[in-house]
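S.K.: Submitted below is the structure of interest, expressed as structure tokens.
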Amino acid sequence: MSEQKVKSGQVVSIEYTLRVDGKVIDSSVGGEPLEYLHGASNIIPGLEREIEGMAVGESKNVVVSPEDGYGEVNEEAFIEAPRSVFPPDIPLRPGVELQLTGSDGSPLYARIEGVEEDVVVLNLNHPLAGKELHFDITVVGLRDATAEELKHGHTHGGHAHH
Ligand code: ZN
């Protein structure tokens, strides 16, 4: 039996725990492993690069810098909006998370950064922008992708097709 190593065109299952600033913020442990198509940019680049060449059963601690993760904090992603545009049922205080609609109709994620007399300052950065990501990962499964998965650039993994 030859030992397979993770490379492009394979469907990889991993167990992972993600810590940021020493706090666990996401984990697959105790649930379904994360399954993704390797080499198709389904996961952040810094993690994909480190998983390359791993074998099933192998574990690794991976530290991903912001530039290989969710990017640096973009100062231009802070915008001011007049208080009057917010419906009255939205609590206007720092830390409140909002889902807005972008000019192209796509959902846009924002957090209230600060509230001033007339304006609300919104932070449109990804919540993990500027953060160093600490992953504990274990490869728990590996198989060749199907022709259809390769064509679509993602795994079908038994879930409903989208
Ligand atoms: Zn598909």
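Residue numbering restarts at 1 for every chain of the structure tokens, chains are lettered A, B, ... in their displayed order, and ligands are numbered from 1 as they appear.
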Env of A:Tyr36: 7 Å cut, atoms = only C-alpha atoms, seq-sep filter 2 positions within chain, self excluded. Answer as a PyMOL selection string.
M.R.: chain A and resi 11-13+34+38+42+154-155
S.K.: With all heavy atoms retained, write the just-selected residues as a compact mmCIF listing (two decimals), in the first residue's frame.
M.R.:
# COMPACT_ATOMS: atom_id res chain seq x y z
N VAL A 11 -9.00 15.51 -3.01
CA VAL A 11 -9.95 15.98 -2.01
C VAL A 11 -9.39 15.60 -0.63
O VAL A 11 -9.12 14.42 -0.37
CB VAL A 11 -11.35 15.37 -2.23
CG1 VAL A 11 -12.29 15.74 -1.09
CG2 VAL A 11 -11.91 15.85 -3.56
N VAL A 12 -9.18 16.60 0.19
CA VAL A 12 -8.53 16.42 1.48
C VAL A 12 -9.56 16.66 2.59
O VAL A 12 -10.34 17.60 2.52
CB VAL A 12 -7.37 17.43 1.66
CG1 VAL A 12 -6.58 17.14 2.93
CG2 VAL A 12 -6.46 17.44 0.45
N SER A 13 -9.57 15.79 3.59
CA SER A 13 -10.39 16.03 4.78
C SER A 13 -9.46 16.36 5.94
O SER A 13 -8.50 15.63 6.18
CB SER A 13 -11.21 14.78 5.14
OG SER A 13 -12.08 14.46 4.07
N LEU A 34 -13.44 19.13 7.81
CA LEU A 34 -13.56 20.01 6.65
C LEU A 34 -13.01 19.29 5.42
O LEU A 34 -11.91 18.76 5.46
CB LEU A 34 -12.75 21.29 6.90
CG LEU A 34 -12.58 22.23 5.70
CD1 LEU A 34 -13.88 22.95 5.38
CD2 LEU A 34 -11.47 23.23 5.96
N HIS A 38 -7.90 20.32 -2.96
CA HIS A 38 -6.57 20.91 -2.82
C HIS A 38 -6.12 21.51 -4.16
O HIS A 38 -6.31 20.91 -5.21
CB HIS A 38 -5.56 19.87 -2.34
CG HIS A 38 -4.26 20.47 -1.89
ND1 HIS A 38 -4.11 21.02 -0.64
CD2 HIS A 38 -3.08 20.64 -2.53
CE1 HIS A 38 -2.86 21.48 -0.53
NE2 HIS A 38 -2.22 21.27 -1.66
N ASN A 42 -9.69 26.79 -2.41
CA ASN A 42 -10.91 26.67 -1.60
C ASN A 42 -10.68 27.15 -0.18
O ASN A 42 -11.62 27.48 0.53
CB ASN A 42 -11.38 25.21 -1.53
CG ASN A 42 -11.94 24.66 -2.84
OD1 ASN A 42 -12.24 23.48 -2.92
ND2 ASN A 42 -12.08 25.49 -3.87
N HIS A 154 -14.38 22.53 -6.91
CA HIS A 154 -14.73 22.32 -5.51
C HIS A 154 -15.17 20.87 -5.31
O HIS A 154 -15.44 20.17 -6.28
CB HIS A 154 -15.83 23.29 -5.04
CG HIS A 154 -17.07 23.25 -5.88
ND1 HIS A 154 -17.64 24.36 -6.44
CD2 HIS A 154 -17.85 22.22 -6.27
CE1 HIS A 154 -18.72 24.01 -7.14
NE2 HIS A 154 -18.87 22.72 -7.05
N THR A 155 -15.22 20.46 -4.05
CA THR A 155 -15.62 19.09 -3.76
C THR A 155 -17.15 18.98 -3.70
O THR A 155 -17.82 19.93 -3.32
CB THR A 155 -14.99 18.58 -2.46
OG1 THR A 155 -15.66 17.40 -2.05
CG2 THR A 155 -15.09 19.61 -1.35
S.K.: Write out as a list in words each polymer residue (protein, DNA or RNA) that has an atom no more than 8 Å from ligand 1, with only C-alpha atoms and all ligand atoms counted.
M.R.: Glu148, Glu149, Lys151, His152, Gly153, His154, Thr155, His156, His161 and His162 of chain A
S.K.: Identify which of the residues A:Ile79, A:Val24, A:Leu142, A:Ala147 lies closest to A:Val119, counting only C-alpha atoms when measuring atom-to-atom distances.
M.R.: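 Closest to A:Val119, using only C-alpha atoms: A:Ile79.
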S.K.: Would you please work out which residue, of A:Gly53, A:Pro88, A:Gly30, A:Gly130, is nearest to A:Pro66 when using only C-alpha atoms?
M.R.: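 Using only C-alpha atoms, A:Pro66 sits closest to A:Gly130.
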S.K.: Quick one: pull the distance between atom CA of A:Thr138 and atom CA of A:Ala40, Å, one decimal.
M.R.: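 For atom CA of A:Thr138 relative to atom CA of A:Ala40, the distance reads 19.5 Å.
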S.K.: Report as a compact mmCIF listing (two decimals) with C-alpha atoms, in the first residue's frame all protein, DNA and RNA residues lying within 9 Å of A:Gly39, evaluated on only C-alpha atoms, omitting residues in the same chain fewer than 4 positions from it.
M.R.:
# COMPACT_ATOMS: atom_id res chain seq x y z
CA LYS A 7 -1.22 17.35 -3.86
CA SER A 8 -3.30 19.35 -6.33
CA GLY A 9 -6.39 17.59 -7.60
CA GLN A 10 -7.06 15.67 -4.40
CA GLU A 48 -3.20 25.23 1.62
CA ARG A 49 0.55 25.64 1.12
CA GLU A 52 0.74 20.23 0.58
CA GLY A 153 -13.13 23.59 -8.73
S.K.: As a list in words, please: all residues of stretch 3-53 of chain A that backbone DSSP puts in strand (DSSP E).
M.R.: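 Of stretch 3-53 of chain A, only Gln10, Val11, Val12, Ser13, Ile14, Glu15, Tyr16, Thr17, Leu18, Arg19, Val20, Lys23, Val24, Ile25, Asp26, Ser27, Leu34, Glu35, Tyr36 and Leu37 of chain A fall in strand (DSSP E).
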S.K.: With distances taken over only C-alpha atoms, which residue among A:Tyr109, A:Phe78, A:Phe86, A:Phe135 lies nearest A:Val121?
M.R.: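 Selected residue with least distance to A:Val121: A:Phe78.
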S.K.: Please provide as a list of chain:residue names all residues within 12 Å of stretch 17-19 of chain A, with the sequence filter that same-chain residues fewer than 6 positions apart are discarded (counting only C-alpha atoms).
M.R.: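 Within the cut-off, the hits are A:Ile25, A:Asp26, A:Ser27, A:Ser28, A:Val29, A:Gly30, A:Gly31, A:Pro33, A:Leu34, A:Leu47, A:Ser59, A:Lys60, A:Asn61, A:Val62, A:Val63, A:Val64, A:Gly69, A:Leu128, A:Lys131, A:Glu132, A:Leu133, A:His134, A:Phe135, A:Asp136, A:Ile137, A:Thr138.
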S.K.: Find the residues near A:Ile112: any atom within 10 Å, counting only C-alpha atoms, skip ones fewer than 2 places away on the same chain, and give them as a ChimeraX atom specification.
M.R.: /A:78-80,91-98,110,114-115,120-124
S.K.: Have a look at A:Asn125, A:Ile44, A:Val20, A:Asp144 and name the one nearest to A:Glu67; count only C-alpha atoms.
M.R.: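 Checking each candidate against A:Glu67, we get A:Ile44 as the closest.
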S.K.: As an NGL selection string, please: every residue in stretch 52-158 of chain A that a backbone DSSP assignment puts in helix (DSSP H, G or I).
M.R.: :A and (66-68 or 75-77 or 83-85 or 147-152)
